[in-house]
Every structure is written in C-alpha cells, then in structure tokens.
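Below: one structure, written as structure tokens.
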Protein chains: 6
Amino acid sequence: MPCHHDQERKDEGIVSDVPLILVVEDEYPLQGILEDALAEAGFGTDILSSAEEALTVFMGGTKKYKALVTDVYLKGRLSGWDVARRMREADPTFPVIYMTGAAADQWASQGVPGSILLEKPFAPAQLITAISQLLYVGSPPAAPG
Amino acid sequence: MPCHHDQERKDEGIVSDVPLILVVEDEYPLQGILEDALAEAGFGTDILSSAEEALTVFMGGTKKYKALVTDVYLKGRLSGWDVARRMREADPTFPVIYMTGAAADQWASQGVPGSILLEKPFAPAQLITAISQLLYVGSPPAAPG
Amino acid sequence: MPCHHDQERKDEGIVSDVPLILVVEDEYPLQGILEDALAEAGFGTDILSSAEEALTVFMGGTKKYKALVTDVYLKGRLSGWDVARRMREADPTFPVIYMTGAAADQWASQGVPGSILLEKPFAPAQLITAISQLLYVGSPPAAPG
Amino acid sequence: MPCHHDQERKDEGIVSDVPLILVVEDEYPLQGILEDALAEAGFGTDILSSAEEALTVFMGGTKKYKALVTDVYLKGRLSGWDVARRMREADPTFPVIYMTGAAADQWASQGVPGSILLEKPFAPAQLITAISQLLYVGSPPAAPG
Amino acid sequence: MPCHHDQERKDEGIVSDVPLILVVEDEYPLQGILEDALAEAGFGTDILSSAEEALTVFMGGTKKYKALVTDVYLKGRLSGWDVARRMREADPTFPVIYMTGAAADQWASQGVPGSILLEKPFAPAQLITAISQLLYVGSPPAAPG
Amino acid sequence: MPCHHDQERKDEGIVSDVPLILVVEDEYPLQGILEDALAEAGFGTDILSSAEEALTVFMGGTKKYKALVTDVYLKGRLSGWDVARRMREADPTFPVIYMTGAAADQWASQGVPGSILLEKPFAPAQLITAISQLLYVGSPPAAPG
C-alpha cells in the first residue's frame, strides 16, 4: 500500500492515536524489520534494546502500551521471560508475545499464561496476527481453550 | 502491494466473488479508511451510515454478507448493540465485530455471544484478523474458550 | 458419596466457606433438584423465584456470589436474559449460565458474551461442569475460541 | 448419592426426559461401568456392542441422541473412527467422544474435528466432563482455540 | 454411589489402572478432602507435603503421573509456582492446577502456560472438572482461546 | 508495501529462512494468487498440483514444511481430505488448512482435528490469519475451545 496511506493511518481516523507496541529486541536489522511490519499493519512501536530499558519505560508509565513483543535472549542480566513476568506483576492482563529461535522449548515452563510464542523464523504476518488476537476485548490470560 | 494486484484479487481466482462485509459507520473519514483496509485484505464492503439502513439492506437479503462490522454509537435511534441483536435473531451464527472508543465496558452486558470488540484506537490489522477468525467454518458463537 | 462427607465438605477444608451460586428458578421441583446437585458438588446456593428478587439480592452486595444460574422464562416482567445483562453491567466478568427448553435459539441474540446455555433436558453434571469451567481464573468473557 | 435420588433425577424435573448418550462398547464389564457413571451423572444411555448396530439405531432416528461415546477398536468391520465419520455425515455438529488405549496416536489423523479422545485408563469423571462440555450450546465442531 | 463401586472403579474396567494425580498440599485436613474428592471421581492420588518431596517423586519417574495439583504456599524453600516450572522443564505438556487463596493475583506472572488456578474456597467439582479438561488429548499448553 | 521490502523479508532478518508452506492446488490462476498472498505475508511456498506429488515431497522430508494448505477436490485419486490424513499420520501436530467451495459441509466428517476450513470465496487475509494462528507454539490439534 502506498506510504502516504500509512501516514493517513497513523495521523487520523480509527488510529488517530495508534495502538503502541513495546518491542524488546537487541539486533538492529531485526528492529527495522519489526518496526516496518508493525507500522504497515497500523501499529506504533517503541523499540528498546535491553530488558532493563524496557522495564524502565514500562514502569515509568508515561505511555500506555497495548502489548509486549520481546526476544527471549537479550544482552544484560534479564531475559525476555523476566521482562514479561515483571510486566505481568504490574498489569496481570498485559498481552505478551515472545520471539525466539533456540528457546521455544522453554515456553511451557518460562512463559506467562495466555502468552504466544513465535518460533523463528516466522513471517511478519504471524506477529501481526498474534498481536491482533491478544488485543481483543475479553481475551486476556485464559485457562486453556 | 500494487493496486492492480488488488484488482486481480477482486476480479478472479479465489475471490472471483469477494466475501462481502457489512459495515455500519457514520463518520465519513472512517468509512474511507475501513473500506481501504478491507479492500486491501481482499474483502468487499457495503458501508452504511445508520443502523436502520443496515437492517433494511440485511433483511432485504439481496446480498449475502459474511460479517457485520459496526460502530456502537450511531446517529438515529438504534445502537450497534441493537443492530447486532436484530441480525443474530435472523441468523444466529452471523459473525459480529463492534468498534468503539467509549463503550467497550458495555460489551460484557450488551454484546452478543461470540462477538469481538475492537477498542479504538485500533490498527487496521486488528479488524482484518478479527473478521478472518470469525469466518472460519465452525467457530462463531461458542461457549467461552 | 455419604452425606456426612458432604457436611465435611461444607464445614471445613477447601470449602470451609463454600462458593455461593445465585440461582433464579421459579418452579419448585426444579429448585430442589438444582440445590441437591449443587450441594453434592460442593457449592452453596441461594435460590430465588423471580428476576426482581435476584437483582435485589445481587445488588445488595451483602453476599459475594460466584456465578448466576438462571431460567430464561420467569414470572414477572424480567426474563433471565434481562437478569444477566443487569448483573454484567454491575460486574462485567460475572459468570452466567442460562437454563432453558424453548428459548435456546434466542441465546445467540439475547445471551451475554462468554455465557453458557444449557438446553433442557440436561443432566445435573452438565450444570456442574459449566459452573466449574466459568470459575477458573482467567476465563471471563472471551472472544470465541 | 442415594439411588432414589438418581431415580428422581431420571423421572422428573430438569431431566424429566434425560439426555440420551449413544455408547458403542463391546466389552461387557466396561458397558456396566460406563452405564453406571453416566446414569449417576444424570444421563440416559443406549449401549451397543458393534458399529453396525449403532449406525442402524442412529440412522433409524427413532430416538434423539445427544452425543456418541465410542470405543475405537470394535468387533466387526467398522472402527469407532468410522462410526463417528458416518454420524457426522448425517449430523455435522454431532458431539463425539472416543475411548481408547492403543489408538490415541491415531486421533490426529482419524478423529473428527471438535471431538475429544479419552485415553485409557481414564476416570469416569473425565467422560462426564467431556460429554458435558460438548453439549453446551455453541461449542460443537470449532476451529482450534 | 456405593463404595464397592468405587472399588470396582479403581480395580478393573476402564480404570483397571487408574489415572494417577500428584498432589502437593501440606495441610492434613485438606489432604483428606482432596483424596476423597479425587478417589470418588475415579482418580488415584499420591499426596506429598512439600515441593521437594514432590519433585523427588516426579523426577524419580517410577510412577507415571497424569497431572499436578499443587497448593501455592508450601512449607520449605520452594512454592507451587516453582514445582510446576520444574515439572514443565522435564515434561513441557504436563497438566498443572494450582490451588490458592491469597496468591491468585500472582498467576498471571507466575503460572505456567495452559495451567488452571482454583481460587479458594472452591468446590471439589471444580477440581475434578479442571483435571478432566487438562487430560483431553490435544489440549495442554495452548495459546489463549 | 514496496516490493524490495518483500525481498528483504524473504532474504534476511527474522525470516532469513522463511517459514515454508506446502500448497496443493491444481488450478493455475489460483496457484499464482496463493503464492503472491503468502509471499507478501512473508511465507515461502512450494505449490504442487496433485495429492500424490505433495505426499511424495512431504514424505521425502528434504524440506521442513510448517503447514499444509490444500484444495479439497484434486485431480487424481486422492482428495485434500486424504492428503491431510496421511500427513497427520506422519506428523500428528502438522497444521492443516483446507480451501473449498463445494465441500465445506464435509469438513465435520472428513477434516482432521484442529484443522481450519476456508470456504471459497475467501479473502487472502483469511488464509494468512489461519496459517498464522496454527503456527503458534502450543495450539494445533486441540479439543474444542
């Protein structure tokens, strides 16, 4: 779709104020791809490179984020599993999506209830669908379907 | 994606005859954005500005609609909650999506079973995902997951 | 199971203070059967004969109810559909179960999201399973599974 | 629970006419245990020893069954997988539960959508819960949760 | 149901070898009530008083358990959250049920995906239904319904 | 979105090695439309014209496919129902999506558990959403939500 449409999407109408996604990813090429995929789908993004920064921004509460999208292995002391747990302590219904290649098998023990894990490689559409689903009213952490 | 591709999508192949979505929205700028988002995803749309018109078209039955996408607060006597209820009386499995800013907290008491509510601001991708999910064979109105 | 066990169940341990279910049913024989089935499963019950009484008790808030079990056709002006809607306005996550013979086809238009409808005749076990499922942490009104 | 209560359950009230479950099981000891478990939960049962008899009774349509509970390996030419498929051809929303020890791994390829498989050994409560869930209005065959 | 039937249930037929549930609970009165409720539903139980003992038995692997039912606050260093995480590391699809009064609000951050939390006070039937559901083939750890 | 972005998507980053979808479709115009829709969403595709070829490629195991997307009526002896069943025998959790116009009513008897059926005409977005959902860790084949 032409870029100026993207602009319209972001500047007015249903998304006069776009839903903001908090992304934690420390690989720069990935940051760009994620930002493009999310922007094209109509989401705004704040991308941070470490768990610590992400928690600071989230706890600061100056912006209202709709969901967390986090890599599992991150530079620094905290993993994506830790970030999600801390955010869920502050907001028990906060939607969480993990992205990982190697750590998918840890989801069943380390993931939070009602989260979604995207195993790399994944298509941008998988991320968009996952976020969209978790944002429905009524879907926060649920007992297994 | 290039527009002529959209054309192809609409004129032949899997969507030689595109799935039609009935949209009830009375704000003109929103109508355009919704129509663009739905067309780009491969859906056809009939957009009406009032609940009364929408019900007339739906009950007329000249076209087969696949789903309802409705704003909650509408000009005129009837709300989006009323439109959905009337359509479900005629077709108990008709997929329903509500869009609202202020009225999200009313969904739990006014929404129909198996409906989805999109809280404004939402991304176009959320609407597309919601419609797509409700169109699977076997899903609409379900006991809670 | 021996009755004195039921007593134990109600008087101590996990259910020292049993989960209370609010039942709205105006046929006396049914009241007894519902009360027996719920007591045997370990639930306490307050059974009322009209929507009006049920709403008064619920809104009074002197007791904390875990779920509503209501017949659809009731003596008086209000139906089970109305009772559930009013209670959901006060508590958007309140679990709701409808029991009906004739009105099952109205659920898709008159039921609240995430509710369960038991079509008569149903087995007591269906009621117990329905209540149990709606009481899991994490299951409040959800988009269709 | 005292037997006379079972009687009451079966003879009047909510279950004046009890929900009937069609059971296909060719081992006599199992037949008795299944019948007891279902009766105690408030269900009526017709138990048949072969797929052929079950299909004859089902297609005859003289009684309205609420669900099928079938063993997978049966005497005769047809398996439980076949029985369920034939019944679903006649009634696409008919609830299906399979019981099996050895054949659980075949469910993903041979089971029908929205069915439940109980792996032996299972507790009677698992059967009752499975049937109860499949009888909710709105649940039968659904896309994956 | 007559006790000798319970016996039959445990000693032969569909449950010739009953499904075994691993229960971690350090309050003795509760242990008895849980054991009774599970036995009556047709489940066998091994009840342990500490997380450490439970992990030793589970990791020993001499018995095959079908599910974990654990209190959250336990004597000793480890909580029910820890027990479940360790067991999921060993078996990523192991069904988990938590029982708690005070710690329900921690589930969203400390629970494992696809687990169920029963908030005290709960009815025995809620525990039986929860276990039964998690034992269906195909259900445990799932993305949100 | 500009085509060179599509290229980036396919050649590097999160999808350096894109998720591969196995498509079975014998109508050439449809093949192109499906390939475009999938590529644009970030999926790679191998499109085959017959069930036999698809099974040969799948069983050969030289490539790891993430999901099957198959038409129901195919040239040759085998239908899409057959293809999915064979693949599920080899991989019980393999995600399956059927596309059909005429055969939708057969899904309840011929489809595999946890599969999704897209009724023609459908929008490309419905296919993308369906695949995306089935690729979440933890979801495919599930008991009904």
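To be explicit about the labels: the chains of the structure tokens are called A, B, and onward in the order shown, and within each one the residues are counted from 1, while ligands get numbers from 1 in the order they are shown.
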Backbone-only DSSP, strand (DSSP E) members of segment 17-144 of chain C, as a PDB file with N, CA, C and O atoms, in the first residue's frame:
```pdb
ATOM      1  N   LEU C  20     -20.594 -19.656  46.538  1.00  0.00           N
ATOM      2  CA  LEU C  20     -22.046 -19.452  46.506  1.00  0.00           C
ATOM      3  C   LEU C  20     -22.547 -19.182  45.095  1.00  0.00           C
ATOM      4  O   LEU C  20     -22.019 -18.311  44.394  1.00  0.00           O
ATOM      5  N   ILE C  21     -23.565 -19.930  44.689  1.00  0.00           N
ATOM      6  CA  ILE C  21     -24.159 -19.745  43.367  1.00  0.00           C
ATOM      7  C   ILE C  21     -25.546 -19.134  43.528  1.00  0.00           C
ATOM      8  O   ILE C  21     -26.325 -19.572  44.379  1.00  0.00           O
ATOM      9  N   LEU C  22     -25.833 -18.120  42.713  1.00  0.00           N
ATOM     10  CA  LEU C  22     -27.149 -17.482  42.746  1.00  0.00           C
ATOM     11  C   LEU C  22     -28.024 -18.122  41.671  1.00  0.00           C
ATOM     12  O   LEU C  22     -27.691 -18.087  40.489  1.00  0.00           O
ATOM     13  N   VAL C  23     -29.103 -18.759  42.110  1.00  0.00           N
ATOM     14  CA  VAL C  23     -29.977 -19.487  41.191  1.00  0.00           C
ATOM     15  C   VAL C  23     -31.323 -18.777  41.081  1.00  0.00           C
ATOM     16  O   VAL C  23     -31.914 -18.414  42.100  1.00  0.00           O
ATOM     17  N   VAL C  24     -31.774 -18.546  39.853  1.00  0.00           N
ATOM     18  CA  VAL C  24     -33.090 -17.948  39.641  1.00  0.00           C
ATOM     19  C   VAL C  24     -33.958 -18.957  38.909  1.00  0.00           C
ATOM     20  O   VAL C  24     -33.722 -19.272  37.736  1.00  0.00           O
ATOM     21  N   GLY C  44     -22.576 -23.857  47.493  1.00  0.00           N
ATOM     22  CA  GLY C  44     -23.703 -23.336  48.254  1.00  0.00           C
ATOM     23  C   GLY C  44     -24.646 -22.635  47.286  1.00  0.00           C
ATOM     24  O   GLY C  44     -24.237 -22.239  46.195  1.00  0.00           O
ATOM     25  N   THR C  45     -25.912 -22.511  47.643  1.00  0.00           N
ATOM     26  CA  THR C  45     -26.865 -21.881  46.723  1.00  0.00           C
ATOM     27  C   THR C  45     -27.809 -20.938  47.454  1.00  0.00           C
ATOM     28  O   THR C  45     -28.218 -21.198  48.576  1.00  0.00           O
ATOM     29  N   ASP C  46     -28.140 -19.851  46.786  1.00  0.00           N
ATOM     30  CA  ASP C  46     -29.288 -19.031  47.164  1.00  0.00           C
ATOM     31  C   ASP C  46     -30.228 -19.099  45.977  1.00  0.00           C
ATOM     32  O   ASP C  46     -29.847 -18.723  44.864  1.00  0.00           O
ATOM     33  N   ILE C  47     -31.417 -19.646  46.205  1.00  0.00           N
ATOM     34  CA  ILE C  47     -32.365 -19.810  45.100  1.00  0.00           C
ATOM     35  C   ILE C  47     -33.495 -18.822  45.244  1.00  0.00           C
ATOM     36  O   ILE C  47     -34.133 -18.748  46.298  1.00  0.00           O
ATOM     37  N   LEU C  48     -33.721 -18.043  44.182  1.00  0.00           N
ATOM     38  CA  LEU C  48     -34.796 -17.060  44.209  1.00  0.00           C
ATOM     39  C   LEU C  48     -35.766 -17.342  43.079  1.00  0.00           C
ATOM     40  O   LEU C  48     -35.401 -17.919  42.052  1.00  0.00           O
ATOM     41  N   ALA C  67     -21.371 -17.061  40.672  1.00  0.00           N
ATOM     42  CA  ALA C  67     -21.969 -17.231  39.344  1.00  0.00           C
ATOM     43  C   ALA C  67     -23.480 -17.144  39.424  1.00  0.00           C
ATOM     44  O   ALA C  67     -24.072 -17.338  40.493  1.00  0.00           O
ATOM     45  N   LEU C  68     -24.088 -16.847  38.268  1.00  0.00           N
ATOM     46  CA  LEU C  68     -25.543 -16.830  38.128  1.00  0.00           C
ATOM     47  C   LEU C  68     -25.981 -18.045  37.321  1.00  0.00           C
ATOM     48  O   LEU C  68     -25.394 -18.348  36.278  1.00  0.00           O
ATOM     49  N   VAL C  69     -26.998 -18.749  37.830  1.00  0.00           N
ATOM     50  CA  VAL C  69     -27.644 -19.824  37.079  1.00  0.00           C
ATOM     51  C   VAL C  69     -29.109 -19.430  36.988  1.00  0.00           C
ATOM     52  O   VAL C  69     -29.786 -19.337  38.012  1.00  0.00           O
ATOM     53  N   THR C  70     -29.588 -19.136  35.783  1.00  0.00           N
ATOM     54  CA  THR C  70     -30.948 -18.624  35.685  1.00  0.00           C
ATOM     55  C   THR C  70     -31.783 -19.300  34.609  1.00  0.00           C
ATOM     56  O   THR C  70     -31.282 -19.643  33.537  1.00  0.00           O
ATOM     57  N   ASP C  71     -33.049 -19.503  34.941  1.00  0.00           N
ATOM     58  CA  ASP C  71     -34.014 -19.938  33.956  1.00  0.00           C
ATOM     59  C   ASP C  71     -34.249 -18.736  33.033  1.00  0.00           C
ATOM     60  O   ASP C  71     -33.971 -17.598  33.410  1.00  0.00           O
ATOM     61  N   VAL C  96     -22.151 -16.459  33.848  1.00  0.00           N
ATOM     62  CA  VAL C  96     -23.596 -16.598  33.622  1.00  0.00           C
ATOM     63  C   VAL C  96     -23.903 -17.913  32.923  1.00  0.00           C
ATOM     64  O   VAL C  96     -23.275 -18.267  31.921  1.00  0.00           O
ATOM     65  N   ILE C  97     -24.899 -18.635  33.486  1.00  0.00           N
ATOM     66  CA  ILE C  97     -25.394 -19.862  32.865  1.00  0.00           C
ATOM     67  C   ILE C  97     -26.909 -19.764  32.746  1.00  0.00           C
ATOM     68  O   ILE C  97     -27.589 -19.441  33.730  1.00  0.00           O
ATOM     69  N   TYR C  98     -27.419 -19.994  31.535  1.00  0.00           N
ATOM     70  CA  TYR C  98     -28.864 -19.985  31.305  1.00  0.00           C
ATOM     71  C   TYR C  98     -29.352 -21.423  31.199  1.00  0.00           C
ATOM     72  O   TYR C  98     -28.661 -22.281  30.652  1.00  0.00           O
ATOM     73  N   MET C  99     -30.564 -21.672  31.706  1.00  0.00           N
ATOM     74  CA  MET C  99     -31.204 -22.979  31.536  1.00  0.00           C
ATOM     75  C   MET C  99     -32.510 -22.735  30.796  1.00  0.00           C
ATOM     76  O   MET C  99     -33.306 -21.881  31.223  1.00  0.00           O
ATOM     77  N   THR C 100     -32.735 -23.459  29.705  1.00  0.00           N
ATOM     78  CA  THR C 100     -33.998 -23.235  29.010  1.00  0.00           C
ATOM     79  C   THR C 100     -34.371 -24.406  28.119  1.00  0.00           C
ATOM     80  O   THR C 100     -33.509 -25.165  27.675  1.00  0.00           O
ATOM     81  N   ILE C 116     -22.910 -19.537  29.093  1.00  0.00           N
ATOM     82  CA  ILE C 116     -23.190 -20.898  28.633  1.00  0.00           C
ATOM     83  C   ILE C 116     -24.684 -21.129  28.735  1.00  0.00           C
ATOM     84  O   ILE C 116     -25.327 -20.682  29.686  1.00  0.00           O
ATOM     85  N   LEU C 117     -25.261 -21.781  27.742  1.00  0.00           N
ATOM     86  CA  LEU C 117     -26.676 -22.127  27.795  1.00  0.00           C
ATOM     87  C   LEU C 117     -26.831 -23.636  27.880  1.00  0.00           C
ATOM     88  O   LEU C 117     -26.230 -24.379  27.110  1.00  0.00           O
ATOM     89  N   LEU C 118     -27.606 -24.066  28.848  1.00  0.00           N
ATOM     90  CA  LEU C 118     -27.914 -25.491  28.990  1.00  0.00           C
ATOM     91  C   LEU C 118     -29.336 -25.700  28.489  1.00  0.00           C
ATOM     92  O   LEU C 118     -30.276 -25.088  28.995  1.00  0.00           O
ATOM     93  N   GLU C 119     -29.457 -26.536  27.474  1.00  0.00           N
ATOM     94  CA  GLU C 119     -30.778 -26.773  26.895  1.00  0.00           C
ATOM     95  C   GLU C 119     -31.447 -27.901  27.680  1.00  0.00           C
ATOM     96  O   GLU C 119     -30.846 -28.942  27.916  1.00  0.00           O
TER      97      GLU C 119
END
```
| said: So that I can check the secondary structure, give me every residue of segment 26-124 of chain B assigned helix (DSSP H, G or I) by backbone DSSP, as a PyMOL selection string. | reply: chain B and resi 28-41+51-60+80-90+104-110+124
| Which residues come within 9 Å of Leu34 of chain B, counting only C-alpha atoms, excluding same-chain residues fewer than 3 positions away, as a PyMOL selection string? | (chain A and resi 14) or (chain B and resi 23+29-31+37-39+45+47+124+127)
| said: Residues within 12 Å of segment 59-63 of chain C, please, as a PyMOL selection string. Count only C-alpha atoms; anything in the same chain fewer than 3 positions from it doesn't count. | reply: chain C and resi 17-22+44-46+51-56+66-67+83+86-91
Grab the residues selected above and save them as a compact mmCIF listing (two decimals), in the first residue's frame with N, CA, C and O atoms.
```txt
# COMPACT_ATOMS: atom_id res chain seq x y z
N ASP C 17 -15.63 -22.26 53.49
CA ASP C 17 -16.65 -21.26 53.18
C ASP C 17 -16.93 -21.52 51.70
O ASP C 17 -16.10 -21.22 50.83
N VAL C 18 -18.03 -22.22 51.42
CA VAL C 18 -18.27 -22.74 50.06
C VAL C 18 -18.56 -21.63 49.04
O VAL C 18 -19.12 -20.60 49.40
N PRO C 19 -18.21 -21.88 47.77
CA PRO C 19 -18.55 -20.92 46.72
C PRO C 19 -20.06 -20.86 46.56
O PRO C 19 -20.72 -21.89 46.49
N LEU C 20 -20.59 -19.66 46.54
CA LEU C 20 -22.05 -19.45 46.51
C LEU C 20 -22.55 -19.18 45.09
O LEU C 20 -22.02 -18.31 44.39
N ILE C 21 -23.57 -19.93 44.69
CA ILE C 21 -24.16 -19.75 43.37
C ILE C 21 -25.55 -19.13 43.53
O ILE C 21 -26.33 -19.57 44.38
N LEU C 22 -25.83 -18.12 42.71
CA LEU C 22 -27.15 -17.48 42.75
C LEU C 22 -28.02 -18.12 41.67
O LEU C 22 -27.69 -18.09 40.49
N GLY C 44 -22.58 -23.86 47.49
CA GLY C 44 -23.70 -23.34 48.25
C GLY C 44 -24.65 -22.63 47.29
O GLY C 44 -24.24 -22.24 46.20
N THR C 45 -25.91 -22.51 47.64
CA THR C 45 -26.87 -21.88 46.72
C THR C 45 -27.81 -20.94 47.45
O THR C 45 -28.22 -21.20 48.58
N ASP C 46 -28.14 -19.85 46.79
CA ASP C 46 -29.29 -19.03 47.16
C ASP C 46 -30.23 -19.10 45.98
O ASP C 46 -29.85 -18.72 44.86
N ALA C 51 -36.73 -12.66 38.91
CA ALA C 51 -35.63 -11.80 38.48
C ALA C 51 -35.48 -10.61 39.42
O ALA C 51 -34.36 -10.25 39.82
N GLU C 52 -36.61 -10.06 39.81
CA GLU C 52 -36.59 -8.87 40.66
C GLU C 52 -35.90 -9.18 42.00
O GLU C 52 -34.99 -8.46 42.43
N GLU C 53 -36.31 -10.30 42.64
CA GLU C 53 -35.68 -10.66 43.91
C GLU C 53 -34.18 -10.89 43.72
O GLU C 53 -33.35 -10.45 44.51
N ALA C 54 -33.85 -11.59 42.64
CA ALA C 54 -32.44 -11.92 42.40
C ALA C 54 -31.61 -10.65 42.25
O ALA C 54 -30.52 -10.53 42.83
N LEU C 55 -32.14 -9.68 41.52
CA LEU C 55 -31.39 -8.43 41.33
C LEU C 55 -31.26 -7.68 42.64
O LEU C 55 -30.20 -7.12 42.94
N THR C 56 -32.30 -7.69 43.43
CA THR C 56 -32.24 -7.01 44.73
C THR C 56 -31.13 -7.62 45.59
O THR C 56 -30.27 -6.90 46.12
N LYS C 66 -20.54 -16.30 43.18
CA LYS C 66 -19.51 -16.67 42.21
C LYS C 66 -20.07 -16.78 40.80
O LYS C 66 -19.32 -16.69 39.82
N ALA C 67 -21.37 -17.06 40.67
CA ALA C 67 -21.97 -17.23 39.34
C ALA C 67 -23.48 -17.14 39.42
O ALA C 67 -24.07 -17.34 40.49
N VAL C 83 -31.89 -10.39 33.56
CA VAL C 83 -31.16 -10.52 34.82
C VAL C 83 -29.65 -10.53 34.55
O VAL C 83 -28.87 -9.81 35.17
N ARG C 86 -28.23 -7.12 33.50
CA ARG C 86 -28.11 -6.17 34.62
C ARG C 86 -26.91 -6.53 35.49
O ARG C 86 -26.17 -5.65 35.94
N MET C 87 -26.72 -7.83 35.73
CA MET C 87 -25.61 -8.22 36.61
C MET C 87 -24.27 -7.95 35.92
O MET C 87 -23.32 -7.49 36.56
N ARG C 88 -24.21 -8.15 34.62
CA ARG C 88 -22.98 -7.87 33.87
C ARG C 88 -22.69 -6.36 33.83
O ARG C 88 -21.53 -5.96 33.75
N GLU C 89 -23.72 -5.55 33.89
CA GLU C 89 -23.47 -4.10 33.94
C GLU C 89 -22.76 -3.76 35.25
O GLU C 89 -21.87 -2.92 35.28
N ALA C 90 -23.14 -4.46 36.31
CA ALA C 90 -22.52 -4.20 37.62
C ALA C 90 -21.16 -4.90 37.74
O ALA C 90 -20.23 -4.38 38.33
N ASP C 91 -21.05 -6.10 37.17
CA ASP C 91 -19.80 -6.86 37.22
C ASP C 91 -19.55 -7.51 35.86
O ASP C 91 -20.10 -8.57 35.56
```
| Taking only C-alpha atoms into account, what are the residues of chain D at most 12 Å from chain F, put as a PyMOL selection string? | chain D and resi 81-98+103-118+130-131+133-136+138-145
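With only C-alpha atoms as the atoms that count, the residue of B:Ser132, B:Val57, B:Glu27, B:Ala123 with the shortest distance to Phe43 of chain B is B:Ser132.
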| query | Using only C-alpha atoms, which residues sit within 7 Å of Ala125 of chain B once same-chain residues fewer than 3 positions away are excluded, as a list in words? | reply |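 Returned residues: Ala41, Gly42, Ile128 and Ser132 of chain A; Ile128 and Thr129 of chain B.
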Print the selection's residues with N, CA, C and O atoms to a file, as a compact mmCIF listing (two decimals), in the first residue's frame.
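Final output, saved to result.txt:
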```txt
# COMPACT_ATOMS: atom_id res chain seq x y z
N ALA A 41 1.03 -2.51 9.46
CA ALA A 41 -0.23 -3.06 9.96
C ALA A 41 -1.02 -2.01 10.74
O ALA A 41 -2.16 -2.26 11.12
N GLY A 42 -0.40 -0.87 10.96
CA GLY A 42 -1.10 0.21 11.65
C GLY A 42 -0.76 0.36 13.14
O GLY A 42 -1.47 1.06 13.86
N ILE A 128 1.78 -10.02 13.42
CA ILE A 128 0.61 -9.13 13.36
C ILE A 128 -0.64 -9.85 13.83
O ILE A 128 -1.44 -9.32 14.62
N SER A 132 -2.81 -8.91 17.15
CA SER A 132 -4.22 -8.56 16.94
C SER A 132 -5.14 -9.39 17.81
O SER A 132 -6.07 -8.88 18.43
N ILE B 128 -8.90 -6.84 10.40
CA ILE B 128 -8.77 -7.92 9.41
C ILE B 128 -8.63 -9.27 10.10
O ILE B 128 -9.28 -10.25 9.72
N THR B 129 -7.83 -9.31 11.15
CA THR B 129 -7.65 -10.57 11.88
C THR B 129 -8.97 -11.01 12.53
O THR B 129 -9.33 -12.18 12.48
```
| message | If I take atom CA of Ser49 of chain C and atom CA of Asp36 of chain C, how far is one from the other in Å, to one decimal? | response | 16.7 Å
| field | Interatomic distance (Å, one decimal) between atom CA of Lys120 of chain E and atom CA of Leu78 of chain E | value |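 It comes out at 20.3 Å.
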